[in-house]
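Trainee: The structure's right below; bear with me while I get my questions together.
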2 protein chains.
Amino acid sequence: MLNERTEKVLFAIVESFINTNEPVGSRFITKTYSFNLSPATIRNIMADLEEFGFLAQPHTSAGRVPTDRGYRFYVDCISRHSDVEDDFLESFISRLEATREDLNGFLEGAARTLSEHSRYLGLVAPMKSGRTTLNRIELFSFRGDYIAVVLLTDEGPIKHKIIKAGQRLTPKTLRRISDYLNQEFSGYTIDEIRLKLIKDMSREKALCDILITKAVEICREALTFPSGDIYVCGFSDFIGLPDFSSHIREIAGAIEDKHFMLKLLEQVGAEVEGPSVLIGSENPAKEMKDLSLVVSTYKQGGKTAGSIGVIGPTRMDYSRAIAMVQTAARFITEALSR
Amino acid sequence: MLNERTEKVLFAIVESFINTNEPVGSRFITKTYSFNLSPATIRNIMADLEEFGFLAQPHTSAGRVPTDRGYRFYVDCISRHSDVEDDFLESFISRLEATREDLNGFLEGAARTLSEHSRYLGLVAPMKSGRTTLNRIELFSFRGDYIAVVLLTDEGPIKHKIIKAGQRLTPKTLRRISDYLNQEFSGYTIDEIRLKLIKDMSREKALCDILITKAVEICREALTFPSGDIYVCGFSDFIGLPDFSSHIREIAGAIEDKHFMLKLLEQVGAEVEGPSVLIGSENPAKEMKDLSLVVSTYKQGGKTAGSIGVIGPTRMDYSRAIAMVQTAARFITEALSR
DNA sequence: TGTTAGCACTCATGCATCGAGAGTGCTAAA
DNA sequence: TTTAGCACTCTCGATGCATGAGTGCTAACA
């Protein structure tokens, strides 16, 4: 499609622009890179690239700027095996030391490490709990007629919730309820349990057992989780980037909206092996048309356990960002397997 | 100190500036407010106010702008009993409905309500858990040699932590440990428990009881909490304010730093009854010299349970903000008492 | 003695102009 | 196919100028 020389020029332009944030001109290219071509030739090539839709001019007589399509071509071509700095990995390791046994703390630390090293926005979203397997349910009465429900999942973290029982339950009753729940639901994923709960609705009515009714009720209430955590770090550095001085507000709004971000990560992350990249207008939301997203998933026990990634301007150092996200995802996966 | 007329002029200037964000001139005052004075007289008064340090001019021949001292005088004078809009309270009530039995969810909702109605930054910080009373400790073994520790406090929320036990413990052993812990620690505040733990160090060694050692160890590990939650809402609206287009970055940095914010809230909140106000340079951190903070505490069972407040530009609608924060704090206090 | 009218003065702001510089596209020559 | 040359376009910063808002001061007034 593009001959080698044209491609090289495109890459040179993309990389210059990533570094300098200034439209790059033909003269600049000839000075900086040794293509042994005159500015005029470069200009011809640039004109071609513009026809292809890979470059654009902010105005006549400015230099060229890569379009989203240009970035896309670049990203699809670059090697995905570039290395990350040593201190990046070291940061991860020391964070892991500091937060051992505290999964959420570690994940938040991972987001922070990512943002600090990339200077972009660091994201981590543990997967929606619907897909995780329930290990055990524990109940205990609490302050009179409340019940504390603790759900242990295989993931490690515990979900908890306080429920109003409506009446005082004896420890024995409580134990019978929790035995029933564990027998029914342990080993299933949260989503499966939700399904079972719907089916049980009828069965439970048939049985007319107050105890069971209560148990299922508790379970149903306990499973109305907040839909999932997400850690976002590095906002202040991110905001300081010169790229979006104008419409910060919309961008900040989109980023603050955790539901939106979760949905975005879930959509993107699932598809391919290795980091996915969404560039500018490829993004589903218009607020993010000047932003790019690099995201990967991490696994636990062979199953996807969450997403990690960065958000930056379309003028992002993709090669570095991809390497970092990939490294981070691998690191977390490895940490979780221990 | 200030005669009544001078005071009225000051208030007029403060309020105009709060509304318009433009330096206010003598002519404007005479047109807008009916003091029955000529611009010249107003100018004389303004000159006096400037001498007092209540007003400043951005440059010769701009209007006057209130200084932090000016705002301070204004805030100290205004009635603290202005009303809030009805829909503000309604928002609270509906949030409470939606998040019943989920304290953290409710508090986050409160921060959001506050930010949405004030258009400033809404903050809620549940008090550092050190001052809350431990109700009960529950232990259960988890995935082999791990132990899940769940701490029930009087506050309602449960703190949980997963600990590596190092060896497999039988249910019976576990029960003995948890009985011991409950006997020792229930009814004390977390801070007291920390103290007790230090004392126990020696006693425990004397006893040479492996079980107790293990128990105390578990407790100590479990009490290394993350230092406290804080909910910050409304960043995108806040950032859109015209006041700080220049140094957004520092401000965003300060706000993102949760430790810093927690410390700030803790410092301010504790002192007086009703909302405290910190204006611009009164603020301990230089990054916040263009921001004002209105913060109050909410209580549970007579004890301070957390802080709630807003952060806005020094040019803040103090009267409204104070009323809102006060209302919010009262509402939460009331909700917690049920 | 306090208030006001008048006036000169100061600045910020917006607008138009201008020159410099950067970069382009096109053409013709190598 | 590449390159040199040239005319052309457009941004950007500096400059000058008029305008308007607002002030401080002085002198007159009630």
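All residue names refer to the structure tokens as shown: chains lettered A, B, ... in order, residues numbered from 1 in each chain, ligands numbered from 1 in order.
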Could you build a table of the residues in chain D lying no more than 10 Å from chain B, giving for each the nearest pair of atoms and their separation in Å rounded to one decimal place, using only C-alpha atoms (C1' of nucleotides), ordered by chain and ascending residue number, as a tab-separated table?
Mentor:
```
residue	atom	partner	partner_atom	distance
D:DA21	C1'	B:Ser61	CA	7.2
D:DG22	C1'	B:Ser61	CA	4.4
D:DT23	C1'	B:Ser61	CA	5.2
D:DG24	C1'	B:Arg43	CA	8.9
```
Trainee: Print the selection's residues with N, CA and C atoms (P, O5', C5', C4', C3', O3' and C1' of nucleotides) to a file, as a tab-separated table (two decimals), in the first residue's frame.
Mentor:
```
chain	number	residue	atom	x	y	z
D	21	DA	P	-17.68	52.16	29.15
D	21	DA	O5'	-17.21	51.45	30.48
D	21	DA	C5'	-16.28	50.35	30.39
D	21	DA	C4'	-15.29	50.44	31.52
D	21	DA	C3'	-15.89	51.00	32.81
D	21	DA	O3'	-15.55	50.16	33.88
D	21	DA	C1'	-13.93	52.18	32.24
D	22	DG	P	-16.30	50.29	35.25
D	22	DG	O5'	-15.22	51.10	36.07
D	22	DG	C5'	-13.95	50.49	36.31
D	22	DG	C4'	-13.02	51.53	36.85
D	22	DG	C3'	-13.65	52.38	37.96
D	22	DG	O3'	-13.03	52.14	39.21
D	22	DG	C1'	-12.40	53.68	36.40
D	23	DT	P	-13.46	52.97	40.47
D	23	DT	O5'	-12.13	53.79	40.79
D	23	DT	C5'	-10.87	53.16	40.59
D	23	DT	C4'	-9.80	54.24	40.47
D	23	DT	C3'	-9.86	55.25	41.59
D	23	DT	O3'	-8.74	55.10	42.46
D	23	DT	C1'	-9.69	56.33	39.46
D	24	DG	P	-8.83	55.72	43.89
D	24	DG	O5'	-8.04	57.10	43.73
D	24	DG	C5'	-6.85	57.17	42.97
D	24	DG	C4'	-6.38	58.61	42.90
D	24	DG	C3'	-6.57	59.42	44.18
D	24	DG	O3'	-5.43	60.25	44.37
D	24	DG	C1'	-7.85	60.41	42.44
```
Trainee: What residues in chain C have any atom no more than 8 Å from chain B when counting only C-alpha atoms (C1' of nucleotides), and can you write them as an NGL selection string?
Mentor: :C and (3-4 or 10-11)
Trainee: Would you output that residue set with N, CA and C atoms (P, O5', C5', C4', C3', O3' and C1' of nucleotides), as a compact mmCIF listing (two decimals), in the first residue's frame?
Mentor:
```
# COMPACT_ATOMS: atom_id res chain seq x y z
P DT C 3 -21.18 61.82 53.74
O5' DT C 3 -21.42 62.69 52.45
C5' DT C 3 -22.64 63.41 52.34
C4' DT C 3 -22.67 64.13 51.02
C3' DT C 3 -22.48 63.24 49.80
O3' DT C 3 -23.58 63.45 48.93
C1' DT C 3 -21.08 65.15 49.67
P DT C 4 -23.73 62.51 47.64
O5' DT C 4 -23.22 63.51 46.51
C5' DT C 4 -23.80 64.79 46.42
C4' DT C 4 -23.03 65.63 45.43
C3' DT C 4 -22.75 64.96 44.08
O3' DT C 4 -23.19 65.83 43.06
C1' DT C 4 -20.79 65.95 44.92
P DT C 10 -0.91 59.81 33.74
O5' DT C 10 -1.62 58.43 34.05
C5' DT C 10 -2.04 58.12 35.38
C4' DT C 10 -2.61 56.72 35.40
C3' DT C 10 -1.83 55.72 34.55
O3' DT C 10 -1.81 54.49 35.25
C1' DT C 10 -4.08 55.77 33.85
P DC C 11 -0.47 53.57 35.16
O5' DC C 11 -1.10 52.25 34.55
C5' DC C 11 -2.17 52.43 33.69
C4' DC C 11 -3.17 51.32 33.80
C3' DC C 11 -2.79 50.18 32.88
O3' DC C 11 -3.28 48.95 33.38
C1' DC C 11 -4.69 51.39 32.04
```
Trainee: What is the atom CA of A:Glu334 to atom CA of A:Thr189 distance in Å?
Mentor: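 That distance, rounded to one decimal, is 22.7 Å.
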Trainee: Determine, counting only C-alpha atoms (C1' of nucleotides), which protein, DNA and RNA residues have an atom within 9 Å of an atom of B:Arg320; residues of the same chain fewer than 5 positions away are not included. Present the result as a ChimeraX atom specification.
Mentor: /B:82-84,118,325
Trainee: Please provide as a list in words all residues within 10 Å of B:Pro66, with the sequence filter that same-chain residues fewer than 5 positions apart are discarded (counting only C-alpha atoms (C1' of nucleotides)).
Mentor: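 Neighbouring residues, sequence-local ones excluded: Leu10, Phe11, Ile13, Val14, Glu15, Phe17, Ile18, Pro23, Val24, Leu49, Glu50, Gly53, Phe54, Leu55, Ala56, Gln57, Tyr71, Arg72, Tyr74, Thr314 and Arg315 of chain B.
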Trainee: Save the residues we just selected, C-alpha atoms, as a PDB file, in the first residue's frame?
Mentor:
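Contents of the output file again_24.pdb:
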```pdb
ATOM      1  CA  LEU B  10     -18.121  46.348  51.179  1.00  0.00           C
ATOM      2  CA  PHE B  11     -20.852  43.756  51.160  1.00  0.00           C
ATOM      3  CA  ILE B  13     -18.812  44.829  46.317  1.00  0.00           C
ATOM      4  CA  VAL B  14     -18.241  41.321  47.625  1.00  0.00           C
ATOM      5  CA  GLU B  15     -21.610  40.163  46.411  1.00  0.00           C
ATOM      6  CA  PHE B  17     -17.898  40.215  42.532  1.00  0.00           C
ATOM      7  CA  ILE B  18     -19.174  36.828  43.602  1.00  0.00           C
ATOM      8  CA  PRO B  23     -13.807  44.009  39.312  1.00  0.00           C
ATOM      9  CA  VAL B  24     -16.560  46.320  40.487  1.00  0.00           C
ATOM     10  CA  LEU B  49     -11.739  49.981  52.408  1.00  0.00           C
ATOM     11  CA  GLU B  50      -8.599  49.544  50.408  1.00  0.00           C
ATOM     12  CA  GLY B  53      -6.979  45.840  53.358  1.00  0.00           C
ATOM     13  CA  PHE B  54     -10.466  44.680  52.452  1.00  0.00           C
ATOM     14  CA  LEU B  55     -10.268  45.584  48.786  1.00  0.00           C
ATOM     15  CA  ALA B  56      -7.618  45.652  46.115  1.00  0.00           C
ATOM     16  CA  GLN B  57      -7.310  46.840  42.534  1.00  0.00           C
ATOM     17  CA  TYR B  71     -14.091  37.927  52.297  1.00  0.00           C
ATOM     18  CA  ARG B  72     -13.240  37.023  55.873  1.00  0.00           C
ATOM     19  CA  TYR B  74     -17.951  39.374  54.984  1.00  0.00           C
ATOM     20  CA  THR B 314     -12.290  32.371  46.993  1.00  0.00           C
ATOM     21  CA  ARG B 315     -14.967  34.099  44.994  1.00  0.00           C
TER      22      ARG B 315
END
```
Trainee: Give the answer as one residue: which of C:DA20, C:DA5, C:DA29, C:DC15 has the shortest atom-to-atom distance to D:DC29, using only C-alpha atoms (C1' of nucleotides)?
Mentor: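 Using only C-alpha atoms (C1' of nucleotides), D:DC29 sits closest to C:DA5.
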Trainee: Using only C-alpha atoms (C1' of nucleotides), which residues sit within 12 Å of D:DG16 once same-chain residues fewer than 2 positions away are excluded, as a list in words?
Mentor: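 Listed by chain and then number, they are DC15, DA16, DT17 and DC18 of chain C; DA14 and DA18 of chain D.
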Trainee: By how many Å are atom CA of B:Gly306 and atom CA of B:Ser236 apart?
Mentor: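 It comes out at 24.5 Å.
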Trainee: What residues in stretch 104-330 of chain A get the DSSP label alpha helix (DSSP H)? Please answer as a PyMOL selection string.
Mentor: chain A and resi 104-118+171-185+190-207+210-222+235-240+248-256+258-269+318-330
Trainee: Would you pick out the contacts of B:Val277 at 10 Å or less, using only C-alpha atoms (C1' of nucleotides), so that residues sharing its chain but fewer than 5 positions from it are not included, and give the list as a list in words?
Mentor: Arg72, Val75, Asp76, Val268, Gly269, Glu282, Asn283, Ser292, Leu293, Val294, Val295, Ser296, Gly309, Val310, Ile311, Tyr318, Ala321 and Ile322 of chain B
Trainee: Using only C-alpha atoms, which of the listed residues (A:Gly253, A:Pro242, A:Gly187, A:Pro171) sits closest to chain B?
Mentor: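 Ranking A:Gly253, A:Pro242, A:Gly187, A:Pro171 by distance to chain B, first place goes to A:Gly253.
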Trainee: Would you compute the distance between atom CA of B:Leu103 and atom CA of B:Tyr146? Give it in Å to one decimal.
Mentor: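 Taking atom CA of B:Leu103 as the start and atom CA of B:Tyr146 as the end point, the length is 28.1 Å.
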